[in-house]
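File shown: structure00.tsv (TSV, C-alpha atoms).
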```tsv
chain	number	residue	atom	x	y	z
P	4	LYS	CA	-5.37	17.61	10.67
P	5	LEU	CA	-1.82	16.94	9.54
P	6	ASP	CA	1.42	18.50	10.67
P	7	ALA	CA	3.44	20.55	8.17
P	8	ASP	CA	6.08	17.82	7.62
P	9	ILE	CA	3.45	15.28	6.54
P	10	VAL	CA	1.75	17.83	4.29
P	11	ASN	CA	5.13	18.55	2.65
P	12	LEU	CA	5.79	14.82	2.11
P	13	ASN	CA	2.47	14.49	0.27
P	14	SER	CA	1.96	17.82	-1.48
P	15	GLY	CA	2.51	17.51	-5.20
P	16	ALA	CA	3.32	13.80	-4.89
P	17	PRO	CA	1.89	11.45	-7.54
P	18	TYR	CA	-1.61	10.19	-6.64
P	19	SER	CA	-1.52	12.02	-3.29
P	20	LEU	CA	-4.35	11.02	-0.97
P	21	LEU	CA	-4.61	14.71	-0.07
P	22	GLU	CA	-6.20	15.17	-3.52
P	23	ASN	CA	-8.95	12.62	-2.79
P	24	LYS	CA	-12.30	14.48	-2.61
P	25	GLY	CA	-14.05	11.81	-0.54
P	26	LYS	CA	-14.36	11.63	3.24
P	27	PHE	CA	-13.27	7.98	3.38
P	28	THR	CA	-11.05	5.58	1.44
P	29	LEU	CA	-10.00	1.93	1.77
P	30	GLN	CA	-6.41	1.23	2.83
P	31	VAL	CA	-5.24	-1.84	0.90
P	32	ALA	CA	-1.41	-1.88	1.07
P	33	THR	CA	1.28	-0.77	3.51
P	34	PHE	CA	4.96	-0.27	2.76
P	35	ALA	CA	6.87	0.22	6.02
P	36	GLY	CA	10.49	1.20	6.54
P	37	GLY	CA	12.98	-0.68	8.69
P	38	SER	CA	13.56	0.08	12.34
P	39	VAL	CA	16.25	-0.49	14.92
P	40	MET	CA	15.91	-0.84	18.70
P	41	GLN	CA	18.44	0.68	21.04
P	42	VAL	CA	19.06	-1.34	24.19
P	43	GLY	CA	20.03	0.54	27.31
P	44	ASN	CA	21.72	3.93	27.08
P	45	GLN	CA	24.37	2.87	24.59
P	46	SER	CA	24.36	3.68	20.93
P	47	SER	CA	26.42	1.61	18.58
P	48	THR	CA	27.90	3.59	15.72
P	49	LYS	CA	28.82	0.33	14.00
P	50	ALA	CA	25.26	-1.06	14.32
P	51	MET	CA	23.73	2.20	13.08
P	52	ALA	CA	26.13	2.31	10.12
P	53	MET	CA	25.16	-1.24	9.18
P	54	PHE	CA	21.46	-0.38	9.50
P	55	GLU	CA	21.87	2.72	7.30
P	56	ARG	CA	23.80	0.74	4.70
P	57	ASN	CA	21.16	-2.00	4.52
P	58	PHE	CA	17.95	-0.11	5.27
P	59	GLY	CA	18.80	3.60	5.10
P	60	SER	CA	16.79	4.29	1.98
P	61	GLY	CA	13.91	2.14	3.20
P	62	LEU	CA	11.35	4.92	3.35
P	63	VAL	CA	12.33	6.19	-0.09
P	64	GLY	CA	11.95	2.67	-1.44
P	65	CYS	CA	8.59	2.33	0.31
P	66	ALA	CA	7.38	5.55	-1.29
P	67	LYS	CA	8.51	4.39	-4.74
P	68	GLU	CA	6.79	1.02	-4.36
P	69	ALA	CA	3.56	2.63	-3.14
P	70	ILE	CA	3.54	5.01	-6.11
P	71	ALA	CA	4.28	2.15	-8.53
P	72	LEU	CA	1.43	0.06	-7.10
P	73	ALA	CA	-1.00	3.00	-7.26
P	74	GLU	CA	-0.05	3.69	-10.86
P	75	SER	CA	-0.46	0.02	-11.75
P	76	LEU	CA	-3.87	-0.13	-10.06
P	77	ARG	CA	-4.96	2.97	-11.98
P	78	THR	CA	-3.97	1.23	-15.24
P	79	ALA	CA	-4.90	-2.34	-14.22
P	80	SER	CA	-6.96	-3.03	-17.34
P	81	LYS	CA	-3.90	-2.71	-19.54
P	82	HIS	CA	-2.30	-5.51	-17.49
P	83	GLY	CA	-5.23	-7.91	-17.99
P	84	TYR	CA	-7.52	-6.94	-15.10
P	85	ASP	CA	-11.26	-6.28	-15.51
P	86	SER	CA	-11.05	-2.63	-14.54
P	87	ASP	CA	-8.87	0.21	-13.35
P	88	TYR	CA	-8.98	1.35	-9.72
P	89	GLU	CA	-8.94	4.81	-8.21
P	90	ALA	CA	-5.73	4.43	-6.19
P	91	TRP	CA	-4.12	6.94	-3.84
P	92	VAL	CA	-0.83	7.16	-1.94
P	93	PHE	CA	-0.11	8.65	1.48
P	94	HIS	CA	3.33	9.00	3.12
P	95	ASP	CA	4.12	9.62	6.78
P	96	HIS	CA	7.31	9.43	8.85
P	97	TYR	CA	7.20	5.62	9.09
P	98	ARG	CA	5.46	4.22	6.02
P	99	SER	CA	3.65	4.75	2.75
P	100	ILE	CA	0.16	3.39	2.19
P	101	VAL	CA	-1.97	2.78	-0.87
P	102	THR	CA	-5.73	3.26	-0.74
P	103	VAL	CA	-8.52	2.74	-3.24
P	104	GLY	CA	-11.74	4.63	-3.69
P	105	SER	CA	-13.38	7.80	-2.59
P	106	PHE	CA	-16.45	7.42	-0.39
P	107	SER	CA	-18.81	9.76	1.43
P	108	SER	CA	-19.56	7.27	4.23
P	109	ARG	CA	-18.11	4.18	5.88
P	110	GLN	CA	-21.23	2.27	4.83
P	111	ASP	CA	-20.86	2.96	1.10
P	112	PRO	CA	-21.95	-0.28	-0.68
P	113	ARG	CA	-18.94	-0.06	-3.05
P	114	ILE	CA	-16.55	-0.76	-0.15
P	115	GLU	CA	-17.41	-4.40	0.60
P	116	PRO	CA	-16.61	-5.74	-2.90
P	117	LEU	CA	-13.24	-3.96	-2.70
P	118	VAL	CA	-12.56	-5.50	0.74
P	119	ARG	CA	-13.25	-8.95	-0.74
P	120	LEU	CA	-11.09	-8.24	-3.80
P	121	PHE	CA	-8.06	-6.82	-1.99
P	122	GLY	CA	-8.32	-8.66	1.37
P	123	GLY	CA	-6.61	-11.89	2.37
P	124	ARG	CA	-8.02	-15.33	1.73
P	125	ALA	CA	-7.92	-18.57	3.69
P	126	GLY	CA	-4.83	-20.51	2.72
P	127	THR	CA	-5.09	-23.88	1.03
P	128	GLU	CA	-2.63	-26.73	0.55
P	129	GLU	CA	-1.88	-25.28	-2.88
P	130	SER	CA	-0.93	-21.95	-1.30
P	131	ARG	CA	2.78	-21.51	-1.46
P	132	ILE	CA	2.83	-18.89	1.27
P	133	VAL	CA	2.76	-20.10	4.86
P	134	THR	CA	1.32	-17.66	7.39
P	135	ASP	CA	0.76	-17.91	11.14
P	136	ASP	CA	-2.95	-17.18	10.86
P	137	GLY	CA	-3.67	-19.21	7.72
P	138	ILE	CA	-4.67	-16.09	5.79
P	139	VAL	CA	-2.86	-15.52	2.50
P	140	PRO	CA	-2.64	-11.94	1.25
P	141	ALA	CA	-4.13	-11.06	-2.12
P	142	THR	CA	-1.63	-10.09	-4.79
P	143	PHE	CA	-1.44	-7.78	-7.77
P	144	THR	CA	0.81	-9.01	-10.57
P	145	ILE	CA	1.95	-7.57	-13.86
P	146	PRO	CA	0.69	-9.12	-16.01
P	147	LEU	CA	-2.40	-10.67	-14.39
P	148	LYS	CA	-1.70	-14.04	-16.05
P	149	PRO	CA	2.01	-14.45	-16.77
P	150	THR	CA	3.09	-16.72	-19.61
P	151	PRO	CA	6.52	-17.68	-20.96
P	152	GLN	CA	5.98	-15.09	-23.71
P	153	ASN	CA	4.73	-12.44	-21.24
P	154	PRO	CA	6.52	-13.24	-17.94
P	155	LEU	CA	5.84	-11.84	-14.49
P	156	THR	CA	7.56	-8.46	-14.15
P	157	LYS	CA	6.14	-7.20	-10.84
P	158	GLN	CA	4.16	-8.49	-7.86
P	159	TRP	CA	2.81	-6.76	-4.77
P	160	TYR	CA	1.06	-8.17	-1.68
P	161	PHE	CA	-1.94	-6.38	-0.22
P	162	ASP	CA	-2.71	-6.01	3.48
P	163	LYS	CA	-4.59	-9.07	4.76
P	164	GLN	CA	-7.35	-6.90	6.19
P	165	PRO	CA	-8.13	-3.72	4.25
P	166	ARG	CA	-9.57	-1.00	6.43
P	167	VAL	CA	-11.75	2.03	5.84
P	168	MET	CA	-9.95	5.19	6.89
P	169	THR	CA	-10.74	8.88	6.97
P	170	VAL	CA	-9.14	10.84	4.16
P	171	PRO	CA	-6.65	13.21	5.83
P	172	ILE	CA	-6.97	16.92	5.21
P	173	ASP	CA	-4.10	19.38	5.11
P	174	ARG	CA	-5.83	22.31	6.73
```

Could the structure of this file be written out as structure tokens, please?
Amino acid sequence: KLDADIVNLNSGAPYSLLENKGKFTLQVATFAGGSVMQVGNQSSTKAMAMFERNFGSGLVGCAKEAIALAESLRTASKHGYDSDYEAWVFHDHYRSIVTVGSFSSRQDPRIEPLVRLFGGRAGTEESRIVTDDGIVPATFTIPLKPTPQNPLTKQWYFDKQPRVMTVPIDR
């Protein structure tokens, strides 16, 4: 059950996870806002002003990116991918997430292929991304195969480990 603020953030939003009719979905991407840590009992107006200037619209930007990714996943075939994906967006006080699918159980056989598709892969020497754990996140690019005539216009990184989650309900 969700509190009223979270319901308001998601009600009427594009591709809202609250509209998903399934019991479960697969979380594939997370867009998190910035944070600041206060040390001791002091607050620094200067530090907070700098944070707001550089990261103040972070959650708004996260929401926009999540919606853009969901829309792109829903129209993936027009960008060169084999199929479109049922993508959903959910916003809370700290982040926006993108999920795919609508499942009646955690054991739905359609989940595992999606985990393999959207999950991270072991890095290789050709990998240009260096990670602590050697796992390179999967990406979604527009277009799928950029060329000089059709250059890369957008790229997102998926979570390294997609996870099945319960679809939240607003009642």

Ranking P:Lys157, P:Thr102, P:Asp6, P:Gln110 by minimum distance to Asp173 in chain P and counting all atoms listed in the file, which one comes first?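 Ranked by minimum distance to Asp173 in chain P, first place goes to P:Asp6.
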
Please build the interface table for range 95-139 of chain P against range 64-72 of chain P with a cut-off of 12 Å, listing for each qualifying residue the nearest atom pair and the distance in Å to one decimal; count all atoms listed in the file, order rows by chain and increasing number, and write it as CSV.
```
residue,atom,partner,partner_atom,distance
P:Asp95,CA,P:Ala66,CA,9.6
P:His96,CA,P:Ala66,CA,10.9
P:Tyr97,CA,P:Cys65,CA,9.5
P:Arg98,CA,P:Cys65,CA,6.8
P:Ser99,CA,P:Ala66,CA,5.6
P:Ile100,CA,P:Ala69,CA,6.4
P:Val101,CA,P:Ala69,CA,6.0
P:Thr102,CA,P:Ala69,CA,9.6
P:Val103,CA,P:Leu72,CA,11.0
```

Can you work out which one of P:Pro17, P:Gly126, P:Pro165, P:Gly83 has the shortest atom-to-atom distance to Lys148 in chain P, counting all atoms listed in the file? P:Gly83

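Atom to atom, CA of Ile114 in chain P and CA of Asp162 in chain P stand 15.2 Å apart.
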
Separation of CA of Val63 in chain P from CA of Lys4 in chain P in Å: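 We find that CA of Lys4 in chain P and CA of Val63 in chain P lie 23.7 Å from each other.
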
Could you list as a list in words every residue that has an atom within 9 Å of (3.1, 11.7, -3.5), using the file's coordinates and counting all atoms listed in the file? Leu12, Asn13, Ser14, Gly15, Ala16, Pro17, Tyr18, Ser19, Leu20, Leu21, Ala66, Ile70, Trp91, Val92, Phe93 and His94 of chain P

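Minimum distance to Ala32 in chain P across P:Thr156, P:Pro171, P:Ala90, P:Arg119 (counting all atoms listed in the file) occurs at P:Ala90.
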
Counting only C-alpha atoms, I want the residues whose atoms come within 6 Å of (-7.9, 0.0, 2.3) in the file frame, returned as a PyMOL selection string. chain P and resi 29-31+102+165-167

In Å to one decimal, how far is CA of Thr28 in chain P from CA of Val170 in chain P? 6.2 Å

With only C-alpha atoms as the counted atoms, please give the residues lying no more than 12 Å from Asp111 in chain P, apart from itself and same-chain residues fewer than 2 positions off, as a short mmCIF file (atom, residue, chain, number, x, y, z; two decimals) with C-alpha atoms, keeping the file's coordinate frame.
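Saved file around.cif follows:
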```
data_model
loop_
_atom_site.label_atom_id
_atom_site.label_comp_id
_atom_site.auth_asym_id
_atom_site.auth_seq_id
_atom_site.Cartn_x
_atom_site.Cartn_y
_atom_site.Cartn_z
CA GLY P 25 -14.05 11.81 -0.54
CA LYS P 26 -14.36 11.63 3.24
CA PHE P 27 -13.27 7.98 3.38
CA THR P 28 -11.05 5.58 1.44
CA LEU P 29 -10.00 1.93 1.77
CA GLY P 104 -11.74 4.63 -3.69
CA SER P 105 -13.38 7.80 -2.59
CA PHE P 106 -16.45 7.42 -0.39
CA SER P 107 -18.81 9.76 1.43
CA SER P 108 -19.56 7.27 4.23
CA ARG P 109 -18.11 4.18 5.88
CA ARG P 113 -18.94 -0.06 -3.05
CA ILE P 114 -16.55 -0.76 -0.15
CA GLU P 115 -17.41 -4.40 0.60
CA PRO P 116 -16.61 -5.74 -2.90
CA LEU P 117 -13.24 -3.96 -2.70
CA VAL P 118 -12.56 -5.50 0.74
CA VAL P 167 -11.75 2.03 5.84
#
```

Neighbouring residues of range 80-82 of chain P were defined as those with any atom within 12 Å, considering only C-alpha atoms; residues of the same chain fewer than 3 positions away were excluded. Please report them as a list in words.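 The residues that qualify are Glu74, Ser75, Leu76, Arg77, Asp85, Ser86, Asp87, Tyr88, Phe143, Thr144, Ile145, Pro146, Leu147, Lys148, Pro149, Asn153, Pro154, Leu155, Thr156, Lys157 and Gln158 of chain P.
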
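Considering the residues P:Ala79, P:Asp136, P:Glu89, P:Gly36 and counting all atoms listed in the file, Lys24 in chain P has its shortest atom-to-atom contact with P:Glu89.
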
Mind completing range 86-97 of chain P with all heavy atoms? Output as a PDB file, keeping the file's coordinate frame, please?
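This went into result-v6.pdb:
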```pdb
ATOM      1  N   SER P  86     -10.845  -4.074 -14.596  1.00  0.00           N
ATOM      2  CA  SER P  86     -11.050  -2.630 -14.540  1.00  0.00           C
ATOM      3  C   SER P  86      -9.847  -1.936 -13.910  1.00  0.00           C
ATOM      4  O   SER P  86      -8.960  -2.586 -13.367  1.00  0.00           O
ATOM      5  CB  SER P  86     -12.317  -2.301 -13.732  1.00  0.00           C
ATOM      6  OG  SER P  86     -12.182  -2.753 -12.398  1.00  0.00           O
ATOM      7  N   ASP P  87      -9.862  -0.617 -14.020  1.00  0.00           N
ATOM      8  CA  ASP P  87      -8.870   0.210 -13.350  1.00  0.00           C
ATOM      9  C   ASP P  87      -9.427   0.603 -11.988  1.00  0.00           C
ATOM     10  O   ASP P  87     -10.645   0.571 -11.764  1.00  0.00           O
ATOM     11  CB  ASP P  87      -8.582   1.468 -14.180  1.00  0.00           C
ATOM     12  CG  ASP P  87      -7.976   1.146 -15.535  1.00  0.00           C
ATOM     13  OD1 ASP P  87      -7.311   0.103 -15.669  1.00  0.00           O
ATOM     14  OD2 ASP P  87      -8.175   1.946 -16.468  1.00  0.00           O
ATOM     15  N   TYR P  88      -8.551   0.994 -11.070  1.00  0.00           N
ATOM     16  CA  TYR P  88      -8.980   1.350  -9.720  1.00  0.00           C
ATOM     17  C   TYR P  88      -8.467   2.740  -9.368  1.00  0.00           C
ATOM     18  O   TYR P  88      -7.335   3.087  -9.693  1.00  0.00           O
ATOM     19  CB  TYR P  88      -8.448   0.321  -8.702  1.00  0.00           C
ATOM     20  CG  TYR P  88      -8.957  -1.061  -9.007  1.00  0.00           C
ATOM     21  CD1 TYR P  88      -8.203  -1.935  -9.788  1.00  0.00           C
ATOM     22  CD2 TYR P  88     -10.203  -1.476  -8.570  1.00  0.00           C
ATOM     23  CE1 TYR P  88      -8.684  -3.193 -10.114  1.00  0.00           C
ATOM     24  CE2 TYR P  88     -10.690  -2.731  -8.895  1.00  0.00           C
ATOM     25  CZ  TYR P  88      -9.925  -3.577  -9.669  1.00  0.00           C
ATOM     26  OH  TYR P  88     -10.400  -4.815  -9.997  1.00  0.00           O
ATOM     27  N   GLU P  89      -9.308   3.483  -8.682  1.00  0.00           N
ATOM     28  CA  GLU P  89      -8.940   4.810  -8.210  1.00  0.00           C
ATOM     29  C   GLU P  89      -8.016   4.630  -7.010  1.00  0.00           C
ATOM     30  O   GLU P  89      -8.458   4.363  -5.895  1.00  0.00           O
ATOM     31  CB  GLU P  89     -10.211   5.581  -7.808  1.00  0.00           C
ATOM     32  CG  GLU P  89      -9.943   6.943  -7.243  1.00  0.00           C
ATOM     33  CD  GLU P  89     -11.180   7.582  -6.638  1.00  0.00           C
ATOM     34  OE1 GLU P  89     -12.159   6.870  -6.322  1.00  0.00           O
ATOM     35  OE2 GLU P  89     -11.146   8.807  -6.462  1.00  0.00           O
ATOM     36  N   ALA P  90      -6.716   4.713  -7.238  1.00  0.00           N
ATOM     37  CA  ALA P  90      -5.730   4.430  -6.190  1.00  0.00           C
ATOM     38  C   ALA P  90      -5.054   5.719  -5.743  1.00  0.00           C
ATOM     39  O   ALA P  90      -4.814   6.628  -6.542  1.00  0.00           O
ATOM     40  CB  ALA P  90      -4.688   3.444  -6.698  1.00  0.00           C
ATOM     41  N   TRP P  91      -4.732   5.763  -4.456  1.00  0.00           N
ATOM     42  CA  TRP P  91      -4.120   6.940  -3.840  1.00  0.00           C
ATOM     43  C   TRP P  91      -2.939   6.503  -2.989  1.00  0.00           C
ATOM     44  O   TRP P  91      -2.888   5.367  -2.516  1.00  0.00           O
ATOM     45  CB  TRP P  91      -5.141   7.658  -2.951  1.00  0.00           C
ATOM     46  CG  TRP P  91      -6.372   8.056  -3.691  1.00  0.00           C
ATOM     47  CD1 TRP P  91      -7.543   7.341  -3.781  1.00  0.00           C
ATOM     48  CD2 TRP P  91      -6.560   9.227  -4.472  1.00  0.00           C
ATOM     49  NE1 TRP P  91      -8.439   8.019  -4.564  1.00  0.00           N
ATOM     50  CE2 TRP P  91      -7.867   9.187  -5.002  1.00  0.00           C
ATOM     51  CE3 TRP P  91      -5.757  10.321  -4.780  1.00  0.00           C
ATOM     52  CZ2 TRP P  91      -8.383  10.183  -5.815  1.00  0.00           C
ATOM     53  CZ3 TRP P  91      -6.281  11.316  -5.579  1.00  0.00           C
ATOM     54  CH2 TRP P  91      -7.573  11.242  -6.089  1.00  0.00           C
ATOM     55  N   VAL P  92      -2.015   7.432  -2.754  1.00  0.00           N
ATOM     56  CA  VAL P  92      -0.830   7.160  -1.940  1.00  0.00           C
ATOM     57  C   VAL P  92      -0.738   8.205  -0.833  1.00  0.00           C
ATOM     58  O   VAL P  92      -1.037   9.382  -1.044  1.00  0.00           O
ATOM     59  CB  VAL P  92       0.456   7.212  -2.804  1.00  0.00           C
ATOM     60  CG1 VAL P  92       1.693   6.989  -1.957  1.00  0.00           C
ATOM     61  CG2 VAL P  92       0.392   6.193  -3.921  1.00  0.00           C
ATOM     62  N   PHE P  93      -0.318   7.748   0.357  1.00  0.00           N
ATOM     63  CA  PHE P  93      -0.110   8.650   1.480  1.00  0.00           C
ATOM     64  C   PHE P  93       1.190   8.246   2.173  1.00  0.00           C
ATOM     65  O   PHE P  93       1.420   7.075   2.450  1.00  0.00           O
ATOM     66  CB  PHE P  93      -1.269   8.571   2.471  1.00  0.00           C
ATOM     67  CG  PHE P  93      -1.156   9.536   3.613  1.00  0.00           C
ATOM     68  CD1 PHE P  93      -1.411  10.883   3.429  1.00  0.00           C
ATOM     69  CD2 PHE P  93      -0.782   9.096   4.864  1.00  0.00           C
ATOM     70  CE1 PHE P  93      -1.301  11.778   4.481  1.00  0.00           C
ATOM     71  CE2 PHE P  93      -0.668   9.974   5.923  1.00  0.00           C
ATOM     72  CZ  PHE P  93      -0.933  11.323   5.730  1.00  0.00           C
ATOM     73  N   HIS P  94       2.046   9.232   2.450  1.00  0.00           N
ATOM     74  CA  HIS P  94       3.330   9.000   3.120  1.00  0.00           C
ATOM     75  C   HIS P  94       3.316   9.657   4.492  1.00  0.00           C
ATOM     76  O   HIS P  94       2.824  10.775   4.641  1.00  0.00           O
ATOM     77  CB  HIS P  94       4.487   9.619   2.317  1.00  0.00           C
ATOM     78  CG  HIS P  94       4.454   9.303   0.853  1.00  0.00           C
ATOM     79  ND1 HIS P  94       4.769   8.057   0.352  1.00  0.00           N
ATOM     80  CD2 HIS P  94       4.129  10.071  -0.221  1.00  0.00           C
ATOM     81  CE1 HIS P  94       4.648   8.078  -0.966  1.00  0.00           C
ATOM     82  NE2 HIS P  94       4.263   9.281  -1.338  1.00  0.00           N
ATOM     83  N   ASP P  95       3.864   8.966   5.492  1.00  0.00           N
ATOM     84  CA  ASP P  95       4.120   9.620   6.780  1.00  0.00           C
ATOM     85  C   ASP P  95       5.566   9.333   7.177  1.00  0.00           C
ATOM     86  O   ASP P  95       6.358   8.908   6.339  1.00  0.00           O
ATOM     87  CB  ASP P  95       3.092   9.205   7.852  1.00  0.00           C
ATOM     88  CG  ASP P  95       3.167   7.748   8.273  1.00  0.00           C
ATOM     89  OD1 ASP P  95       4.212   7.087   8.054  1.00  0.00           O
ATOM     90  OD2 ASP P  95       2.184   7.253   8.845  1.00  0.00           O
ATOM     91  N   HIS P  96       5.912   9.570   8.415  1.00  0.00           N
ATOM     92  CA  HIS P  96       7.310   9.430   8.850  1.00  0.00           C
ATOM     93  C   HIS P  96       7.777   7.970   8.891  1.00  0.00           C
ATOM     94  O   HIS P  96       8.974   7.708   8.982  1.00  0.00           O
ATOM     95  CB  HIS P  96       7.508  10.037  10.232  1.00  0.00           C
ATOM     96  CG  HIS P  96       7.270  11.513  10.269  1.00  0.00           C
ATOM     97  ND1 HIS P  96       8.041  12.415   9.575  1.00  0.00           N
ATOM     98  CD2 HIS P  96       6.326  12.245  10.915  1.00  0.00           C
ATOM     99  CE1 HIS P  96       7.595  13.637   9.795  1.00  0.00           C
ATOM    100  NE2 HIS P  96       6.549  13.562  10.597  1.00  0.00           N
ATOM    101  N   TYR P  97       6.844   7.006   8.859  1.00  0.00           N
ATOM    102  CA  TYR P  97       7.200   5.620   9.090  1.00  0.00           C
ATOM    103  C   TYR P  97       6.837   4.675   7.947  1.00  0.00           C
ATOM    104  O   TYR P  97       7.308   3.549   7.911  1.00  0.00           O
ATOM    105  CB  TYR P  97       6.506   5.105  10.357  1.00  0.00           C
ATOM    106  CG  TYR P  97       6.735   6.014  11.521  1.00  0.00           C
ATOM    107  CD1 TYR P  97       5.736   6.892  11.942  1.00  0.00           C
ATOM    108  CD2 TYR P  97       7.958   6.037  12.194  1.00  0.00           C
ATOM    109  CE1 TYR P  97       5.947   7.750  13.005  1.00  0.00           C
ATOM    110  CE2 TYR P  97       8.174   6.892  13.255  1.00  0.00           C
ATOM    111  CZ  TYR P  97       7.164   7.750  13.655  1.00  0.00           C
ATOM    112  OH  TYR P  97       7.381   8.600  14.691  1.00  0.00           O
TER     113      TYR P  97
END
```
